[in-house]
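What follows is a short report on a single structure.
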Amino acid sequence: MVVAALGGAVVAVCLAIAPTQGRDPILAVELAGLAILSIWTGIGLRETLRGRRLAHALDHRSAPDEPTGVPCRVVREGGRHAFVLGAIRPNIYVGDELLRTLDTDELRAVLLHEEHHRRTLAPLRAIALEAWLTLAGRSALARAALLDRLTDLEVEADAAALRWGADPSALASALLKIDVSLTAGASFAAAPAERLRTLVALAAGDERVGGPRLPYEWLPVAAAAIVALACHLSGLSALR
C-alpha cells in the first residue's frame with residue numbers, strides 16, 4: 001500500500017506538471033522515467049526493510065558458527081534452509097536441520113555458494129530484480145528476462161563454489177536435499193532444475209557457463225543517471 005501510494009503521488013505530480021503544447025516533449029518522457037524509478041525505489045526500500053526485520057528476528061534464534069570454515073549463523077528450528085540476508089552487511093543463515101541432513105562435503109559446497117552471495121551483495125541485487133518483477137506485471141518477456149537474471153546469480157555462485165574447491169556432485173546432491181519452500185534473501189534452493197543442468201556443464205569444464213553476466217537490474221538506474229548528467233551539462237553549456 002505504501003508503494004502504491006508513493007507511485008500514485010509521483011504520477012500525480014508528473015501529470016500536474018506535464019508539458020502542454022509548445023513545451024519540450026522530452027520532459028514528459030523524463031517525468032515518466034522519474035515516476036517509474038521512484039516506484040522501483042519504493043519497492044526496493046520496502047523489501048530491504050522487510051529483510052532487515054527478518055534478519056533481526058533470526059539473529060535472536062541463531063548463533064554464530066563455522067561448521068566447514070565458512071562463518072554463518074545456525075538458526076534453531078530453521079529447517080533445511082541456507083540463504084543470505086542483508087542488503088549492505090549480509091550474513092549467511094543455515095537451518096539446524098540442514099546441518100544434520102548434509103554430509104561434510106555437501107555442507108561445504110552449500111556454504112561456499114552462499115559465501116559468494118555474501119561477498120557479491122546478492123540480496124541487494126535480488127531486491128532490485130524483485131522490484132523490477134513487480135513493475136513488469138504480466139509482461140511475459142520482461143518477467144522471463146528478470147527470472148533468468150535471478151537464475152544467473154545462482155549459477156554464478158555455483159561456479160564460484162567449484163572454483164573454491166567444492167565438489168560438483170556434492171553441490172548437486174545438496175541441492176536435491178535442501179528445502180525449496182523458502183524464498184527470502186538469496187537462497188541456495190533457487191532455480192534447481194537450471195542449476196543441475198549447468199552444474200553438469202561446469203563439472204565438464206565448460207568455461208562459458210557461470211561467468212559474470214550483464215547486471216541489467218541496474219541499467220535503468222544507470223541510464224537515468226547518465227541522462228540527468230547529460231542534461232545538467234547541456235544546461236551549463238547553454239548558460240555560457
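Identifiers in this document derive from the order of the C-alpha cells: chains are assigned A, B, ..., residues are numbered from 1 separately in each chain, and ligands are numbered from 1 in order of occurrence.
Within segment 19-165 of chain A, DSSP run on the backbone puts these residues in strand (DSSP E): Ser62, Ala63, Pro64, Asp65, Cys72, Arg73, Val74, Val75, Ala82, Phe83, Val84, Leu85, Asn91, Ile92, Tyr93, Val94 and Gly95 of chain A.
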**Report entry** Residues near Ala157 of chain A, cut-off 12 Å, only C-alpha atoms, skip fewer than 2 positions along chain, as JSON, numbers by chain
**Finding:** {"A": [83, 84, 109, 110, 111, 112, 113, 114, 115, 116, 117, 118, 119, 120, 121, 122, 150, 151, 152, 153, 154, 155, 159, 160, 161, 162, 163, 164, 166, 171, 186, 187, 188, 189, 190, 195, 198, 199, 202, 209, 210, 211, 212]}
Based on the selection just made, write C-alpha atoms of those residues as a short mmCIF file (atom, residue, chain, number, x, y, z; two decimals), in the first residue's frame.
data_model
loop_
_atom_site.label_atom_id
_atom_site.label_comp_id
_atom_site.auth_asym_id
_atom_site.auth_seq_id
_atom_site.Cartn_x
_atom_site.Cartn_y
_atom_site.Cartn_z
CA PHE A 83 20.36 -18.30 2.49
CA VAL A 84 21.91 -14.85 2.79
CA ALA A 109 29.60 -26.74 -1.07
CA VAL A 110 26.43 -25.02 0.14
CA LEU A 111 28.30 -22.59 2.38
CA LEU A 112 30.80 -21.71 -0.35
CA HIS A 113 27.85 -20.98 -2.63
CA GLU A 114 26.33 -18.71 0.00
CA GLU A 115 29.70 -17.09 0.69
CA HIS A 116 29.77 -15.92 -2.93
CA HIS A 117 26.30 -14.44 -2.44
CA ARG A 118 27.52 -12.68 0.70
CA ARG A 119 30.64 -11.24 -0.93
CA THR A 120 28.80 -10.00 -4.02
CA LEU A 121 25.85 -8.48 -2.11
CA ALA A 122 23.44 -10.82 -3.86
CA LEU A 150 17.90 -14.33 -10.83
CA THR A 151 18.99 -17.76 -12.06
CA ASP A 152 22.27 -16.20 -13.23
CA LEU A 153 23.02 -15.16 -9.64
CA GLU A 154 22.67 -18.77 -8.51
CA VAL A 155 24.74 -20.17 -11.38
CA ALA A 159 30.69 -21.59 -10.37
CA ALA A 160 32.46 -19.70 -7.57
CA ALA A 161 31.93 -22.59 -5.14
CA LEU A 162 33.52 -25.00 -7.63
CA ARG A 163 36.47 -22.63 -8.15
CA TRP A 164 36.98 -22.59 -4.38
CA ALA A 166 33.58 -27.59 -3.84
CA LEU A 171 26.73 -29.44 -4.68
CA ALA A 186 19.47 -15.12 -1.80
CA SER A 187 18.60 -18.76 -1.30
CA PHE A 188 20.67 -21.81 -2.23
CA ALA A 189 17.50 -23.59 -3.35
CA ALA A 190 16.53 -21.18 -6.15
CA ARG A 195 21.33 -25.23 -11.81
CA THR A 198 24.65 -26.09 -15.55
CA LEU A 199 26.44 -27.99 -12.77
CA LEU A 202 30.63 -26.74 -15.06
CA VAL A 209 28.84 -21.34 -18.03
CA GLY A 210 28.79 -19.43 -14.78
CA GLY A 211 30.71 -16.38 -15.92
CA PRO A 212 29.65 -12.84 -14.95
#
If we count only C-alpha atoms and set the cut-off at 9 Å, which residues sit around Ile43 of chain A, ignoring sequence neighbours fewer than 4 positions away in its own chain? Please answer as a short mmCIF file (atom, residue, chain, number, x, y, z; two decimals) with N, CA and C atoms, in the first residue's frame.
data_model
loop_
_atom_site.label_atom_id
_atom_site.label_comp_id
_atom_site.auth_asym_id
_atom_site.auth_seq_id
_atom_site.Cartn_x
_atom_site.Cartn_y
_atom_site.Cartn_z
N VAL A 2 1.97 1.19 0.75
CA VAL A 2 2.88 2.34 0.79
C VAL A 2 3.47 2.60 -0.58
N VAL A 3 3.88 1.52 -1.26
CA VAL A 3 4.48 1.65 -2.59
C VAL A 3 3.44 2.19 -3.58
N SER A 38 10.98 6.06 -9.21
CA SER A 38 10.53 6.34 -7.84
C SER A 38 9.75 5.16 -7.27
N ILE A 39 8.88 4.58 -8.09
CA ILE A 39 8.13 3.40 -7.65
C ILE A 39 9.08 2.23 -7.40
N GLU A 47 11.27 -3.88 0.46
CA GLU A 47 11.84 -5.21 0.57
C GLU A 47 13.10 -5.20 1.44
N THR A 48 13.87 -4.11 1.38
CA THR A 48 15.05 -4.00 2.23
C THR A 48 14.67 -3.99 3.70
N ILE A 127 16.91 -7.90 -4.56
CA ILE A 127 15.88 -6.91 -4.26
C ILE A 127 15.60 -6.04 -5.48
N ALA A 128 16.66 -5.62 -6.16
CA ALA A 128 16.49 -4.80 -7.36
C ALA A 128 15.70 -5.56 -8.42
N GLU A 130 13.62 -8.13 -7.92
CA GLU A 130 12.25 -8.35 -7.46
C GLU A 130 11.41 -7.09 -7.66
N ALA A 131 12.01 -5.93 -7.48
CA ALA A 131 11.28 -4.68 -7.70
C ALA A 131 10.90 -4.53 -9.17
N TRP A 132 11.83 -4.86 -10.07
CA TRP A 132 11.50 -4.78 -11.50
C TRP A 132 10.44 -5.82 -11.86
N THR A 134 8.00 -6.78 -9.98
CA THR A 134 6.72 -6.20 -9.57
C THR A 134 6.23 -5.20 -10.60
#
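Omitting Leu146 of chain A and its sequence neighbours fewer than 2 positions away, and counting only C-alpha atoms, the residues within 8 Å are Leu129, Trp132, Leu133, Ala142, Arg143, Ala144, Asp148, Arg149, Leu150 and Glu217 of chain A.
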Report task. Write out as a count of residues only which residues come within 12 Å of His60 of chain A when counting only C-alpha atoms, dropping same-chain ones fewer than 6 positions away. Result -> 6
Query - Spatial neighbours of Ser173 of chain A, 10 Å, only C-alpha atoms, chain gap at least 3 places, as a ChimeraX atom specification - result: /A:102-103,105-106,109,167-170,176-178,196
All helix (DSSP H, G or I) positions in segment 24-197 of chain A, as a JSON list (two decimals) with C-alpha atoms, in the first residue's frame:
[["chain", "number", "residue", "atom", "x", "y", "z"],
["A", 26, "ILE", "CA", 11.13, 15.20, -23.94],
["A", 27, "LEU", "CA", 10.11, 16.43, -20.50],
["A", 28, "ALA", "CA", 7.14, 14.05, -20.49],
["A", 29, "VAL", "CA", 9.47, 11.11, -21.11],
["A", 30, "GLU", "CA", 11.79, 12.27, -18.34],
["A", 31, "LEU", "CA", 8.89, 12.63, -15.91],
["A", 32, "ALA", "CA", 7.57, 9.17, -16.78],
["A", 33, "GLY", "CA", 11.02, 7.73, -16.18],
["A", 34, "LEU", "CA", 11.22, 9.54, -12.85],
["A", 35, "ALA", "CA", 7.86, 8.07, -11.83],
["A", 36, "ILE", "CA", 8.96, 4.53, -12.70],
["A", 37, "LEU", "CA", 12.28, 4.86, -10.88],
["A", 38, "SER", "CA", 10.53, 6.34, -7.84],
["A", 39, "ILE", "CA", 8.13, 3.40, -7.65],
["A", 40, "TRP", "CA", 11.03, 0.96, -8.16],
["A", 41, "THR", "CA", 12.94, 2.65, -5.34],
["A", 42, "GLY", "CA", 9.90, 2.45, -3.07],
["A", 43, "ILE", "CA", 9.50, -1.26, -3.71],
["A", 44, "GLY", "CA", 13.21, -1.81, -3.11],
["A", 45, "LEU", "CA", 13.12, 0.08, 0.20],
["A", 46, "ARG", "CA", 10.09, -1.91, 1.30],
["A", 47, "GLU", "CA", 11.84, -5.21, 0.57],
["A", 48, "THR", "CA", 15.05, -4.00, 2.23],
["A", 49, "LEU", "CA", 13.19, -3.17, 5.43],
["A", 50, "ARG", "CA", 11.38, -6.49, 5.31],
["A", 51, "GLY", "CA", 14.73, -8.28, 5.03],
["A", 52, "ARG", "CA", 16.15, -6.31, 7.95],
["A", 53, "ARG", "CA", 13.20, -7.25, 10.14],
["A", 54, "LEU", "CA", 13.58, -10.92, 9.21],
["A", 55, "ALA", "CA", 17.34, -10.84, 9.85],
["A", 56, "HIS", "CA", 16.76, -9.19, 13.23],
["A", 57, "ALA", "CA", 14.28, -11.92, 14.20],
["A", 58, "LEU", "CA", 16.64, -14.67, 13.01],
["A", 59, "ASP", "CA", 19.57, -13.19, 14.95],
["A", 60, "HIS", "CA", 17.64, -13.87, 18.17],
["A", 96, "ASP", "CA", 19.99, -26.56, 12.11],
["A", 97, "GLU", "CA", 18.17, -29.40, 10.37],
["A", 98, "LEU", "CA", 20.27, -28.82, 7.25],
["A", 99, "LEU", "CA", 23.44, -29.40, 9.29],
["A", 100, "ARG", "CA", 22.07, -32.79, 10.30],
["A", 101, "THR", "CA", 20.94, -33.64, 6.75],
["A", 104, "THR", "CA", 30.61, -32.51, 5.26],
["A", 105, "ASP", "CA", 31.28, -32.11, 1.52],
["A", 106, "GLU", "CA", 27.69, -31.13, 0.78],
["A", 107, "LEU", "CA", 27.60, -28.60, 3.59],
["A", 108, "ARG", "CA", 30.90, -27.08, 2.50],
["A", 109, "ALA", "CA", 29.60, -26.74, -1.07],
["A", 110, "VAL", "CA", 26.43, -25.02, 0.14],
["A", 111, "LEU", "CA", 28.30, -22.59, 2.38],
["A", 112, "LEU", "CA", 30.80, -21.71, -0.35],
["A", 113, "HIS", "CA", 27.85, -20.98, -2.63],
["A", 114, "GLU", "CA", 26.33, -18.71, 0.00],
["A", 115, "GLU", "CA", 29.70, -17.09, 0.69],
["A", 116, "HIS", "CA", 29.77, -15.92, -2.93],
["A", 117, "HIS", "CA", 26.30, -14.44, -2.44],
["A", 118, "ARG", "CA", 27.52, -12.68, 0.70],
["A", 119, "ARG", "CA", 30.64, -11.24, -0.93],
["A", 122, "ALA", "CA", 23.44, -10.82, -3.86],
["A", 123, "PRO", "CA", 20.50, -9.89, -1.59],
["A", 124, "LEU", "CA", 20.73, -6.30, -2.81],
["A", 125, "ARG", "CA", 20.78, -7.41, -6.44],
["A", 126, "ALA", "CA", 17.88, -9.77, -5.80],
["A", 127, "ILE", "CA", 15.88, -6.91, -4.26],
["A", 128, "ALA", "CA", 16.49, -4.80, -7.36],
["A", 129, "LEU", "CA", 15.31, -7.64, -9.60],
["A", 130, "GLU", "CA", 12.25, -8.35, -7.46],
["A", 131, "ALA", "CA", 11.28, -4.68, -7.70],
["A", 132, "TRP", "CA", 11.50, -4.78, -11.50],
["A", 133, "LEU", "CA", 9.45, -8.01, -11.47],
["A", 134, "THR", "CA", 6.72, -6.20, -9.57],
["A", 135, "LEU", "CA", 6.76, -3.36, -12.10],
["A", 136, "ALA", "CA", 6.82, -5.80, -15.03],
["A", 140, "ALA", "CA", 5.95, -12.35, -20.18],
["A", 141, "LEU", "CA", 9.07, -11.11, -21.99],
["A", 142, "ALA", "CA", 10.21, -8.84, -19.15],
["A", 143, "ARG", "CA", 9.46, -11.42, -16.46],
["A", 144, "ALA", "CA", 11.37, -14.13, -18.35],
["A", 145, "ALA", "CA", 14.44, -11.88, -18.66],
["A", 146, "LEU", "CA", 14.33, -10.92, -14.97],
["A", 147, "LEU", "CA", 13.85, -14.51, -13.78],
["A", 148, "ASP", "CA", 16.76, -15.57, -15.99],
["A", 149, "ARG", "CA", 18.89, -12.96, -14.25],
["A", 150, "LEU", "CA", 17.90, -14.33, -10.83],
["A", 151, "THR", "CA", 18.99, -17.76, -12.06],
["A", 152, "ASP", "CA", 22.27, -16.20, -13.23],
["A", 153, "LEU", "CA", 23.02, -15.16, -9.64],
["A", 154, "GLU", "CA", 22.67, -18.77, -8.51],
["A", 155, "VAL", "CA", 24.74, -20.17, -11.38],
["A", 156, "GLU", "CA", 27.50, -17.62, -10.71],
["A", 157, "ALA", "CA", 27.56, -18.67, -7.04],
["A", 158, "ASP", "CA", 27.76, -22.34, -8.06],
["A", 159, "ALA", "CA", 30.69, -21.59, -10.37],
["A", 160, "ALA", "CA", 32.46, -19.70, -7.57],
["A", 161, "ALA", "CA", 31.93, -22.59, -5.14],
["A", 162, "LEU", "CA", 33.52, -25.00, -7.63],
["A", 163, "ARG", "CA", 36.47, -22.63, -8.15],
["A", 168, "PRO", "CA", 30.16, -30.60, -8.16],
["A", 169, "SER", "CA", 28.47, -33.88, -7.22],
["A", 170, "ALA", "CA", 28.25, -32.74, -3.59],
["A", 171, "LEU", "CA", 26.73, -29.44, -4.68],
["A", 172, "ALA", "CA", 24.15, -31.21, -6.85],
["A", 173, "SER", "CA", 23.35, -33.69, -4.08],
["A", 174, "ALA", "CA", 22.84, -30.88, -1.56],
["A", 175, "LEU", "CA", 20.52, -29.10, -3.99],
["A", 176, "LEU", "CA", 18.27, -32.15, -4.02],
["A", 177, "LYS", "CA", 18.17, -32.38, -0.23],
["A", 192, "PRO", "CA", 17.17, -26.03, -9.02],
["A", 193, "ALA", "CA", 16.46, -27.52, -12.47],
["A", 194, "GLU", "CA", 18.57, -24.99, -14.38],
["A", 195, "ARG", "CA", 21.33, -25.23, -11.81],
["A", 196, "LEU", "CA", 21.54, -29.00, -12.02],
["A", 197, "ARG", "CA", 21.91, -28.69, -15.80]]
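Proximity ranking of A:Gly165, A:Arg61, A:Arg89, A:Asp179 relative to Glu77 of chain A places A:Arg61 first, based on only C-alpha atoms.
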